[in-house]
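S.K.: Okay, so here is structure-v5.txt, and as you'll see once you scroll down, it has compact mmCIF, C-alpha atoms.
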```txt
# COMPACT_ATOMS: atom_id res chain seq x y z
CA MET A 1 -58.10 -119.31 92.09
CA PRO A 2 -59.56 -117.39 89.13
CA ALA A 3 -57.40 -117.00 86.06
CA PRO A 4 -55.30 -113.82 86.13
CA LYS A 5 -56.71 -110.90 84.17
CA VAL A 6 -54.81 -110.15 80.97
CA VAL A 7 -54.54 -106.42 80.46
CA LEU A 8 -52.51 -105.22 77.48
CA PRO A 9 -51.29 -101.69 76.96
CA PRO A 10 -54.23 -99.76 75.49
CA SER A 11 -52.12 -98.38 72.65
CA LYS A 12 -51.73 -101.74 70.95
CA PHE A 13 -55.38 -102.05 69.93
CA GLN A 14 -56.43 -98.44 70.47
CA ALA A 15 -57.51 -97.98 66.84
CA LEU A 16 -60.23 -100.64 67.30
CA ASP A 17 -62.11 -98.24 69.58
CA LEU A 18 -62.83 -96.06 66.54
CA LEU A 19 -64.90 -98.83 64.94
CA ALA A 20 -68.66 -98.99 65.31
CA THR A 21 -68.59 -102.77 64.83
CA LEU A 22 -68.00 -105.07 67.81
CA VAL A 23 -64.44 -106.40 67.88
CA ALA A 24 -62.54 -108.71 70.25
CA VAL A 25 -58.95 -109.92 70.09
CA VAL A 26 -58.49 -113.34 71.66
CA GLY A 27 -55.66 -115.75 72.20
CA ALA A 28 -55.50 -119.06 70.37
CA ASP A 29 -57.26 -120.70 73.34
CA GLY A 30 -60.16 -118.19 73.23
CA THR A 31 -58.98 -116.03 76.14
CA VAL A 32 -60.02 -112.41 75.71
CA LEU A 33 -57.05 -110.08 75.25
CA PHE A 34 -58.99 -106.98 74.24
CA VAL A 35 -62.52 -105.81 73.45
CA ASN A 36 -63.27 -102.47 71.82
CA ALA A 37 -65.64 -99.83 73.18
CA ALA A 38 -68.53 -100.94 70.97
CA LEU A 39 -68.32 -104.52 72.30
CA GLU A 40 -68.06 -103.24 75.89
CA ASP A 41 -71.33 -101.41 75.36
CA ALA A 42 -73.02 -104.42 73.78
CA LEU A 43 -71.96 -106.74 76.61
CA GLY A 44 -72.72 -104.22 79.34
CA LEU A 45 -69.30 -104.95 80.86
CA SER A 46 -65.99 -103.11 81.01
CA ARG A 47 -63.01 -104.46 79.13
CA ARG A 48 -61.16 -104.97 82.41
CA SER A 49 -63.86 -107.37 83.61
CA VAL A 50 -63.94 -109.19 80.27
CA ALA A 51 -60.16 -109.54 79.77
CA GLY A 52 -58.93 -113.02 80.68
CA ALA A 53 -62.38 -114.63 80.32
CA GLN A 54 -63.34 -117.07 77.59
CA LEU A 55 -65.07 -115.15 74.79
CA ALA A 56 -67.15 -118.25 73.97
CA ASP A 57 -68.87 -117.92 77.35
CA PHE A 58 -70.56 -114.73 76.15
CA PHE A 59 -72.48 -116.63 73.44
CA THR A 60 -75.64 -118.69 73.87
CA GLU A 61 -73.94 -121.54 71.96
CA PRO A 62 -70.25 -121.35 72.91
CA ALA A 63 -69.27 -124.50 71.00
CA GLN A 64 -69.53 -122.67 67.67
CA LEU A 65 -66.82 -120.18 68.60
CA VAL A 66 -64.67 -122.87 70.26
CA ASN A 67 -64.71 -124.87 67.02
CA ALA A 68 -63.98 -121.77 64.94
CA LEU A 69 -60.98 -120.85 67.07
CA ALA A 70 -59.68 -124.41 66.88
CA GLY A 71 -59.87 -124.18 63.09
CA ALA A 72 -58.00 -120.89 63.14
CA LYS A 73 -55.31 -122.40 65.38
CA ASP A 74 -54.84 -125.29 62.93
CA ASN A 75 -54.75 -122.89 59.93
CA GLU A 76 -57.84 -124.48 58.41
CA PHE A 77 -59.05 -121.11 57.10
CA ALA A 78 -58.11 -117.43 56.88
CA ALA A 79 -61.59 -116.26 57.92
CA LEU A 80 -64.76 -118.04 59.01
CA ARG A 81 -68.30 -116.60 59.19
CA TYR A 82 -71.42 -117.76 60.98
CA ASP A 83 -74.47 -116.35 62.78
CA ALA A 84 -74.84 -116.49 66.56
CA TRP A 85 -76.45 -114.87 69.63
CA LEU A 86 -74.34 -112.66 71.91
CA LYS A 87 -75.29 -112.50 75.61
CA SER A 88 -75.68 -109.11 77.26
CA LEU A 89 -75.82 -108.13 80.92
CA HIS A 90 -78.69 -105.67 80.63
CA ARG A 91 -80.62 -106.71 77.53
CA ASP A 92 -81.82 -109.71 75.53
CA PRO A 93 -79.27 -111.72 73.50
CA LEU A 94 -78.20 -109.86 70.35
CA PRO A 95 -78.23 -111.65 66.94
CA VAL A 96 -74.82 -111.15 65.34
CA HIS A 97 -72.86 -112.23 62.28
CA VAL A 98 -69.50 -113.53 63.56
CA VAL A 99 -66.29 -113.21 61.53
CA VAL A 100 -63.28 -115.09 62.93
CA ALA A 101 -60.06 -114.04 61.19
CA GLN A 102 -56.40 -114.91 61.66
CA THR A 103 -53.83 -112.18 62.16
CA GLU A 104 -50.14 -111.90 61.44
CA VAL A 105 -49.51 -112.81 65.08
CA PRO A 106 -50.11 -116.58 65.47
CA SER A 107 -51.23 -116.23 69.09
CA GLU A 108 -53.93 -113.64 68.29
CA VAL A 109 -57.29 -114.03 66.52
CA VAL A 110 -59.65 -111.19 65.69
CA VAL A 111 -63.37 -111.84 66.23
CA GLU A 112 -65.66 -109.27 64.60
CA LEU A 113 -69.36 -109.22 65.47
CA LEU A 114 -71.79 -107.48 63.13
CA PRO A 115 -75.31 -107.04 64.51
CA LEU A 116 -77.54 -108.67 61.92
CA GLU A 117 -79.55 -105.46 61.58
CA GLN A 118 -76.32 -103.66 60.65
CA GLN A 119 -75.36 -106.46 58.26
CA SER A 120 -78.78 -106.19 56.59
CA ARG A 121 -78.32 -102.44 56.32
CA GLN A 122 -74.94 -102.85 54.62
CA ASP A 123 -76.42 -105.37 52.21
CA ARG A 124 -79.29 -102.97 51.48
CA GLU A 125 -76.86 -100.10 50.83
CA GLU A 126 -74.83 -102.23 48.44
CA ARG A 127 -78.02 -103.12 46.56
CA LEU A 128 -79.02 -99.44 46.38
CA ILE A 129 -75.63 -98.40 45.03
CA GLY A 130 -75.56 -101.23 42.48
CA GLN A 131 -79.15 -100.50 41.51
CA ALA A 132 -78.39 -96.79 41.03
CA GLN A 133 -75.43 -97.58 38.79
CA ALA A 134 -77.52 -99.98 36.70
CA ASN A 135 -80.31 -97.38 36.50
CA LYS A 136 -77.83 -94.77 35.31
CA GLU A 137 -76.59 -96.92 32.44
CA LEU A 138 -80.12 -98.06 31.54
CA ILE A 139 -81.47 -94.51 31.53
CA ARG A 140 -78.67 -93.11 29.40
CA ASN A 141 -78.86 -95.89 26.82
CA LEU A 142 -82.66 -95.95 26.71
CA ALA A 143 -82.94 -92.17 26.48
CA HIS A 144 -80.57 -92.00 23.52
CA GLU A 145 -82.38 -94.84 21.75
CA ILE A 146 -85.71 -93.02 22.18
CA LYS A 147 -84.39 -89.57 21.36
CA ASN A 148 -83.15 -90.36 17.84
CA PRO A 149 -86.40 -91.69 16.30
CA LEU A 150 -88.49 -89.08 18.14
CA GLY A 151 -87.09 -86.28 16.02
CA GLY A 152 -87.92 -88.21 12.87
CA ILE A 153 -91.48 -88.93 14.00
CA ARG A 154 -92.10 -85.29 14.91
CA GLY A 155 -90.60 -83.98 11.69
CA ALA A 156 -92.58 -86.43 9.53
CA ALA A 157 -95.82 -85.46 11.31
CA GLN A 158 -95.13 -81.77 10.67
CA LEU A 159 -94.42 -82.38 6.96
CA LEU A 160 -97.57 -84.48 6.63
CA GLN A 161 -99.60 -81.74 8.33
CA MET A 162 -98.45 -79.24 5.69
CA GLU A 163 -99.84 -81.49 2.94
CA LEU A 164 -103.25 -82.07 4.53
CA ASP A 165 -106.41 -80.06 3.87
CA SER A 166 -108.71 -81.93 6.24
CA ARG A 167 -109.01 -80.27 9.64
CA GLU A 168 -109.79 -83.63 11.23
CA LEU A 169 -106.62 -85.21 9.86
CA ILE A 170 -104.56 -82.18 10.91
CA GLU A 171 -105.77 -82.73 14.48
CA TYR A 172 -104.30 -86.24 14.32
CA THR A 173 -100.90 -84.93 13.23
CA GLN A 174 -101.03 -82.35 16.00
CA VAL A 175 -101.58 -85.16 18.49
CA ILE A 176 -98.46 -86.89 17.11
CA VAL A 177 -96.39 -83.71 17.44
CA HIS A 178 -97.71 -83.04 20.97
CA GLU A 179 -96.96 -86.58 22.18
CA ALA A 180 -93.52 -86.50 20.56
CA ASP A 181 -92.79 -83.26 22.45
CA ARG A 182 -94.02 -84.82 25.70
CA LEU A 183 -91.70 -87.79 25.22
CA GLN A 184 -88.85 -85.44 24.35
CA THR A 185 -89.38 -83.61 27.64
CA LEU A 186 -89.32 -86.94 29.49
CA VAL A 187 -86.09 -87.96 27.75
CA ASP A 188 -84.50 -84.60 28.57
CA ARG A 189 -85.36 -85.12 32.25
CA LEU A 190 -83.79 -88.58 32.14
CA LEU A 191 -80.58 -87.21 30.64
CA ALA A 192 -80.44 -84.00 32.71
CA PRO A 193 -78.25 -85.29 35.59
CA HIS A 194 -75.70 -86.68 33.14
CA ARG A 195 -75.53 -83.61 30.93
CA ARG A 196 -75.33 -80.81 33.46
CA PRO A 197 -71.84 -80.09 34.83
CA HIS A 198 -71.29 -80.61 38.54
CA LEU A 199 -71.00 -77.03 39.92
CA VAL A 200 -69.20 -77.32 43.24
CA GLY A 201 -69.28 -74.62 45.89
CA ASP A 202 -69.79 -74.14 49.62
CA VAL A 203 -73.20 -75.49 50.68
CA ASN A 204 -75.14 -74.63 53.81
CA ILE A 205 -77.68 -77.44 54.09
CA HIS A 206 -80.11 -75.26 56.04
CA GLU A 207 -80.22 -72.72 53.22
CA VAL A 208 -81.12 -75.65 50.94
CA CYS A 209 -83.87 -76.74 53.36
CA GLU A 210 -85.27 -73.22 53.65
CA ARG A 211 -85.41 -72.83 49.87
CA VAL A 212 -87.30 -76.11 49.49
CA ARG A 213 -89.56 -75.28 52.43
CA ALA A 214 -90.56 -72.00 50.78
CA LEU A 215 -91.30 -73.75 47.47
CA ILE A 216 -93.44 -76.43 49.13
CA LEU A 217 -95.43 -73.92 51.20
CA ALA A 218 -95.99 -71.76 48.13
CA GLU A 219 -97.64 -74.72 46.39
CA PHE A 220 -99.49 -75.97 49.51
CA PRO A 221 -100.28 -72.78 51.47
CA LYS A 222 -103.09 -74.32 53.56
CA GLY A 223 -103.38 -77.55 55.52
CA LEU A 224 -99.65 -78.38 55.49
CA ARG A 225 -96.99 -77.58 58.09
CA VAL A 226 -93.29 -77.88 57.24
CA VAL A 227 -91.46 -78.21 60.56
CA ARG A 228 -87.80 -77.29 61.04
CA ASP A 229 -85.68 -79.47 63.34
CA TYR A 230 -82.15 -78.28 62.60
CA ASP A 231 -78.77 -78.97 64.16
CA THR A 232 -77.17 -75.57 63.68
CA SER A 233 -73.70 -76.95 64.44
CA LEU A 234 -73.56 -78.63 61.02
CA PRO A 235 -70.63 -77.28 58.99
CA GLU A 236 -70.76 -76.18 55.39
CA PHE A 237 -69.45 -78.66 52.84
CA ARG A 238 -68.45 -78.68 49.19
CA GLY A 239 -71.26 -79.63 46.84
CA ASP A 240 -73.64 -78.63 44.07
CA ARG A 241 -76.28 -76.48 45.75
CA GLU A 242 -78.79 -76.63 42.88
CA GLN A 243 -78.59 -80.42 42.64
CA LEU A 244 -79.20 -80.77 46.37
CA ILE A 245 -82.14 -78.36 46.22
CA GLN A 246 -83.64 -80.44 43.40
CA ALA A 247 -83.04 -83.73 45.25
CA LEU A 248 -84.65 -82.46 48.45
CA LEU A 249 -87.49 -80.83 46.53
CA ASN A 250 -88.27 -84.09 44.70
CA ILE A 251 -88.53 -85.97 48.00
CA ALA A 252 -90.51 -83.28 49.81
CA HIS A 253 -92.85 -82.73 46.85
CA ASN A 254 -93.59 -86.46 46.68
CA GLY A 255 -94.40 -86.38 50.38
CA ALA A 256 -96.67 -83.34 50.02
CA GLN A 257 -98.59 -84.98 47.18
CA ALA A 258 -98.98 -88.18 49.21
CA LEU A 259 -100.47 -86.05 52.02
CA ALA A 260 -103.42 -84.87 49.92
CA GLY A 261 -105.98 -86.38 52.32
CA ARG A 262 -104.33 -84.87 55.39
CA VAL A 263 -103.87 -81.51 53.65
CA ALA A 264 -107.65 -81.43 53.11
CA ALA A 265 -108.13 -82.27 56.81
CA GLY A 266 -105.60 -79.61 57.81
CA ASP A 267 -103.19 -81.88 59.76
CA ALA A 268 -100.54 -82.68 57.14
CA CYS A 269 -96.96 -82.35 58.35
CA ILE A 270 -93.50 -82.64 56.79
CA THR A 271 -90.41 -82.37 59.00
CA PHE A 272 -86.91 -81.42 57.86
CA ARG A 273 -84.48 -82.79 60.47
CA THR A 274 -80.70 -82.35 60.26
CA ARG A 275 -78.14 -84.11 62.43
CA VAL A 276 -74.43 -84.91 62.49
CA ALA A 277 -73.75 -88.65 62.22
CA ARG A 278 -70.41 -89.82 63.60
CA GLN A 279 -68.33 -92.84 62.64
CA VAL A 280 -70.79 -94.08 60.01
CA THR A 281 -70.26 -96.57 57.23
CA PHE A 282 -72.10 -96.48 53.93
CA GLY A 283 -71.11 -97.30 50.40
CA LYS A 284 -68.47 -99.71 51.85
CA GLN A 285 -66.59 -96.71 53.25
CA ARG A 286 -66.31 -95.35 56.76
CA TYR A 287 -66.67 -91.63 57.45
CA ARG A 288 -65.77 -89.73 60.60
CA LEU A 289 -68.65 -87.28 60.06
CA ALA A 290 -71.69 -87.26 57.81
CA LEU A 291 -74.74 -85.10 57.25
CA GLU A 292 -77.98 -86.90 58.16
CA LEU A 293 -80.97 -85.11 56.62
CA HIS A 294 -84.41 -86.60 57.26
CA VAL A 295 -87.57 -85.73 55.35
CA ILE A 296 -90.43 -87.14 57.44
CA ASP A 297 -94.13 -87.02 56.61
CA ASN A 298 -97.26 -88.33 58.34
CA GLY A 299 -98.84 -89.64 55.14
CA PRO A 300 -100.14 -93.10 54.25
CA GLY A 301 -96.68 -94.53 53.61
CA VAL A 302 -95.07 -96.10 50.56
CA PRO A 303 -97.20 -98.94 49.13
CA ASP A 304 -95.77 -102.36 49.99
CA SER A 305 -95.88 -103.33 46.31
CA ILE A 306 -93.18 -100.78 45.40
CA LYS A 307 -91.18 -100.40 48.63
CA ASP A 308 -88.19 -102.25 47.20
CA ARG A 309 -88.38 -100.41 43.87
CA ILE A 310 -89.07 -96.78 44.72
CA PHE A 311 -85.69 -95.63 43.38
CA TYR A 312 -86.17 -97.47 40.08
CA PRO A 313 -86.93 -95.18 37.12
CA LEU A 314 -90.58 -94.91 36.04
CA VAL A 315 -91.87 -96.52 39.28
CA SER A 316 -94.50 -94.35 40.98
CA GLY A 317 -97.05 -94.91 43.71
CA ARG A 318 -99.16 -91.99 42.52
CA GLU A 319 -101.61 -91.89 39.63
CA GLY A 320 -100.07 -89.76 36.89
CA GLY A 321 -96.60 -89.68 38.49
CA SER A 322 -93.57 -89.88 36.20
CA GLY A 323 -91.59 -92.11 38.55
CA LEU A 324 -88.44 -90.02 38.00
CA GLY A 325 -88.34 -87.80 41.11
CA LEU A 326 -86.71 -90.27 43.50
CA THR A 327 -84.47 -91.72 40.79
CA LEU A 328 -83.05 -88.27 40.05
CA ALA A 329 -82.78 -87.45 43.77
CA GLN A 330 -80.74 -90.61 44.38
CA THR A 331 -78.52 -89.77 41.38
CA PHE A 332 -77.86 -86.22 42.62
CA VAL A 333 -77.06 -87.40 46.17
CA GLN A 334 -74.77 -90.17 44.93
CA GLN A 335 -72.86 -87.56 42.93
CA HIS A 336 -72.02 -86.16 46.38
CA HIS A 337 -70.79 -89.65 47.45
CA GLY A 338 -73.96 -90.00 49.52
CA LEU A 339 -77.01 -92.21 49.70
CA ILE A 340 -80.78 -91.98 50.26
CA GLU A 341 -82.60 -94.57 52.37
CA CYS A 342 -86.31 -94.94 53.05
CA ASP A 343 -88.16 -96.30 56.07
CA SER A 344 -91.92 -96.20 55.68
CA GLU A 345 -95.05 -97.34 57.46
CA PRO A 346 -98.57 -95.86 57.56
CA GLY A 347 -98.41 -92.49 59.31
CA HIS A 348 -94.62 -92.18 59.19
CA THR A 349 -92.38 -92.11 56.11
CA ASP A 350 -88.74 -91.15 56.63
CA PHE A 351 -86.38 -90.47 53.71
CA LYS A 352 -82.83 -90.18 55.08
CA ILE A 353 -80.11 -88.47 53.05
CA LEU A 354 -76.52 -89.26 54.09
CA ILE A 355 -73.66 -87.14 52.73
CA PRO A 356 -70.03 -87.24 53.98
CA LEU A 357 -68.77 -84.11 55.73
CA PRO A 358 -65.19 -82.83 55.77
```
Would you mind writing the structure in this file as structure tokens?
M.R.:
Amino acid sequence: MPAPKVVLPPSKFQALDLLATLVAVVGADGTVLFVNAALEDALGLSRRSVAGAQLADFFTEPAQLVNALAGAKDNEFAALRYDAWLKSLHRDPLPVHVVVAQTEVPSEVVVELLPLEQQSRQDREERLIGQAQANKELIRNLAHEIKNPLGGIRGAAQLLQMELDSRELIEYTQVIVHEADRLQTLVDRLLAPHRRPHLVGDVNIHEVCERVRALILAEFPKGLRVVRDYDTSLPEFRGDREQLIQALLNIAHNGAQALAGRVAAGDACITFRTRVARQVTFGKQRYRLALELHVIDNGPGVPDSIKDRIFYPLVSGREGGSGLGLTLAQTFVQQHHGLIECDSEPGHTDFKILIPLP
């Protein structure tokens, strides 16, 4: 006779259904006590049909989980991690990162399965956040170190110019003053996000998109379409409207400049797409709702040589670019507890802005 199905009251583990990660609760012998909705979907089976089965049987190499559960039973560790392949009824095996953790109940073990793509995404987000923080400190310190001697150089050049009679020599001092002013402008742009107060108010993201759309079309009136793909159900949220306009404008303007060849051909396109993302995790925090704003262009894509560094200051894929636009955009979005990600290939570049919603 088959082993009896173990069906626990749904209330005991009900909170696990809110998680996007795949979670199972098993007995010390590996018998499935509960699987959450995300794991049901991944397996292609209902929790009723899975309960009472051996969880190890749903892996291509069951011995790994059997050994892990034996270690948990003998208190050899508090949590164990390894990579494995999860079987699925309707699709190919799924690569997952397995976390086996003990609970306060000796007869229960929690098995969390993170799809490796999701794990890579979390690692990438952590790198972006750490990188942005390092950039912030670097920019502030570097800008102040540059700013102080710049004033002295400019002032000395002006004083020297007053003492010179030769027109040719005066032209040299004018070059010094001009270049000092150019560097001063660059330094001011570097310091701008850290100087300006955060002015919080109610923000309608579609008003932000429409403002940026108008600015882009004013600069590129021919050969470029800016397509709207809006989810009008998105609620307003608290934020700094001007910062978000600047962040979106920096991204869209970069895209428009990268589309120069297609603009000339008349088939350049930038799409603003807004969506509500539910139960998302970024920045090591889970949010019930988040704004997902995509800026998509059909340009040549981000060069492979700078794909991993596009949010670094002074890194640009365009001749004559300052390399500050995306750095400042990331800073402004992170001041809203959000994040910008980029997915790019020739013909399709997608900058995704994520911002938590109330």
S.K.: What does the distance from CA of Asp229 in chain A to CA of Leu357 in chain A come to in Å, to one decimal?
M.R.: 19.1 Å
S.K.: Around (-66.7, -77.9, 60.6), as given in the file, which residues come within 10 Å? Count only C-alpha atoms and list them as a list in words.
M.R.: Ser233, Leu234, Pro235, Glu236, Phe237, Leu289, Leu357 and Pro358 of chain A
S.K.: What's the 7 Å shell around Arg228 in chain A, counting all atoms listed in the file, without same-chain residues fewer than 3 positions away, as a list in words?
M.R.: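 Residues meeting the cut-off are Thr271, Phe272 and Arg273 of chain A.
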S.K.: Choose the residue, out of A:Leu354, A:Leu18, A:Val25, A:Ile205, that has the smallest atom-to-atom separation from Val105 in chain A; count all atoms listed in the file.
M.R.: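 Using all atoms listed in the file, the shortest distance to Val105 in chain A belongs to A:Val25.
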S.K.: I'd like the contact shell of Gln64 in chain A - 9 Å cut-off, only C-alpha atoms, skipping same-chain residues fewer than 5 positions apart - returned as a PyMOL selection string.
M.R.: chain A and resi 56+59+69+82+84
S.K.: Fewer than 5 positions away in the same chain doesn't count, so skip those; otherwise give me all residues within 9 Å of Leu39 in chain A, counting all atoms listed in the file, as an MDAnalysis selection string.
M.R.: chainID A and resid 20:24 44:45 47 113
S.K.: Which is closest to Asp297 in chain A among A:Arg182, A:Arg309, A:His348, A:Lys222, if we use all atoms listed in the file?
M.R.: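 The closest residue to Asp297 in chain A is A:His348.
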S.K.: With only C-alpha atoms as the basis for distance, which of A:His97, A:Arg238, A:Lys73, A:Arg225 is at the shortest distance from Val200 in chain A?
M.R.: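 Nearest to Val200 in chain A: A:Arg238.
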S.K.: May I ask which of the residues A:Pro303, A:Gly151, A:Gly266, A:Gly30 is the closest one to Val111 in chain A, counting all atoms listed in the file?
M.R.: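 Of A:Pro303, A:Gly151, A:Gly266, A:Gly30, the one nearest Val111 in chain A, counting all atoms listed in the file, is A:Gly30.
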S.K.: Nearest residue to Tyr287 in chain A out of A:Leu159, A:Leu324, A:Leu19, A:Ile306, using all atoms listed in the file?
M.R.: A:Leu19
S.K.: Go through A:Arg213, A:His294, A:Lys307, A:Arg241 and flag the residue nearest Ala256 in chain A, using all atoms listed in the file for the distances.
M.R.: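 The shortest atom-to-atom distance to Ala256 in chain A comes from A:Arg213.
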S.K.: One decimal, Å: what's the distance from CA of Ala101 in chain A over to CA of Asp74 in chain A, could you say?
M.R.: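 These atoms are spaced 12.5 Å apart.
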S.K.: What does the distance between CA of Glu112 in chain A and CA of Ala290 in chain A come to in Å, to one decimal place?
M.R.: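 CA of Glu112 in chain A sits 23.8 Å away from CA of Ala290 in chain A.
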S.K.: Which residues are near Ile353 in chain A? Cut-off 6 Å, only C-alpha atoms, ignore same chain within fewer than 3 positions. Put them as an MDAnalysis selection string.
M.R.: chainID A and resid 292:293 339:340
S.K.: Kindly compute an axis-aligned box around the listed atoms of range 56-69 of chain A, allowing 3 Å on each side, and express its centre and edge lengths in Å to one decimal as lines of an AutoDock Vina configuration file.
M.R.:
```
center_x = -68.3
center_y = -119.8
center_z = 71.1
size_x = 20.7
size_y = 16.1
size_z = 18.4
```
S.K.: If I only have part of range 238-250 of chain A, can you fill in N, CA and C atoms and write it as a PDB file, in the frame of the given file?
M.R.:
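That gives us result.pdb:
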```
ATOM      1  N   ARG A 238     -68.565 -78.937  50.619  1.00  0.00           N
ATOM      2  CA  ARG A 238     -68.450 -78.680  49.190  1.00  0.00           C
ATOM      3  C   ARG A 238     -69.472 -79.533  48.453  1.00  0.00           C
ATOM      4  N   GLY A 239     -70.259 -78.887  47.586  1.00  0.00           N
ATOM      5  CA  GLY A 239     -71.260 -79.630  46.840  1.00  0.00           C
ATOM      6  C   GLY A 239     -71.937 -78.753  45.806  1.00  0.00           C
ATOM      7  N   ASP A 240     -72.863 -79.339  45.081  1.00  0.00           N
ATOM      8  CA  ASP A 240     -73.640 -78.630  44.070  1.00  0.00           C
ATOM      9  C   ASP A 240     -74.970 -78.232  44.694  1.00  0.00           C
ATOM     10  N   ARG A 241     -75.106 -76.971  45.019  1.00  0.00           N
ATOM     11  CA  ARG A 241     -76.280 -76.480  45.750  1.00  0.00           C
ATOM     12  C   ARG A 241     -77.570 -76.738  44.976  1.00  0.00           C
ATOM     13  N   GLU A 242     -77.567 -76.475  43.672  1.00  0.00           N
ATOM     14  CA  GLU A 242     -78.790 -76.630  42.880  1.00  0.00           C
ATOM     15  C   GLU A 242     -79.211 -78.090  42.793  1.00  0.00           C
ATOM     16  N   GLN A 243     -78.250 -78.991  42.675  1.00  0.00           N
ATOM     17  CA  GLN A 243     -78.590 -80.420  42.640  1.00  0.00           C
ATOM     18  C   GLN A 243     -79.209 -80.854  43.958  1.00  0.00           C
ATOM     19  N   LEU A 244     -78.669 -80.373  45.072  1.00  0.00           N
ATOM     20  CA  LEU A 244     -79.200 -80.770  46.370  1.00  0.00           C
ATOM     21  C   LEU A 244     -80.589 -80.176  46.605  1.00  0.00           C
ATOM     22  N   ILE A 245     -80.802 -78.952  46.136  1.00  0.00           N
ATOM     23  CA  ILE A 245     -82.140 -78.360  46.220  1.00  0.00           C
ATOM     24  C   ILE A 245     -83.127 -79.223  45.436  1.00  0.00           C
ATOM     25  N   GLN A 246     -82.743 -79.640  44.229  1.00  0.00           N
ATOM     26  CA  GLN A 246     -83.640 -80.440  43.400  1.00  0.00           C
ATOM     27  C   GLN A 246     -83.905 -81.805  44.036  1.00  0.00           C
ATOM     28  N   ALA A 247     -82.862 -82.418  44.602  1.00  0.00           N
ATOM     29  CA  ALA A 247     -83.040 -83.730  45.250  1.00  0.00           C
ATOM     30  C   ALA A 247     -84.000 -83.627  46.425  1.00  0.00           C
ATOM     31  N   LEU A 248     -83.782 -82.626  47.280  1.00  0.00           N
ATOM     32  CA  LEU A 248     -84.650 -82.460  48.450  1.00  0.00           C
ATOM     33  C   LEU A 248     -86.066 -82.071  48.034  1.00  0.00           C
ATOM     34  N   LEU A 249     -86.173 -81.235  47.010  1.00  0.00           N
ATOM     35  CA  LEU A 249     -87.490 -80.830  46.530  1.00  0.00           C
ATOM     36  C   LEU A 249     -88.269 -82.016  45.985  1.00  0.00           C
ATOM     37  N   ASN A 250     -87.597 -82.902  45.245  1.00  0.00           N
ATOM     38  CA  ASN A 250     -88.270 -84.090  44.700  1.00  0.00           C
ATOM     39  C   ASN A 250     -88.858 -84.944  45.822  1.00  0.00           C
TER      40      ASN A 250
END
```
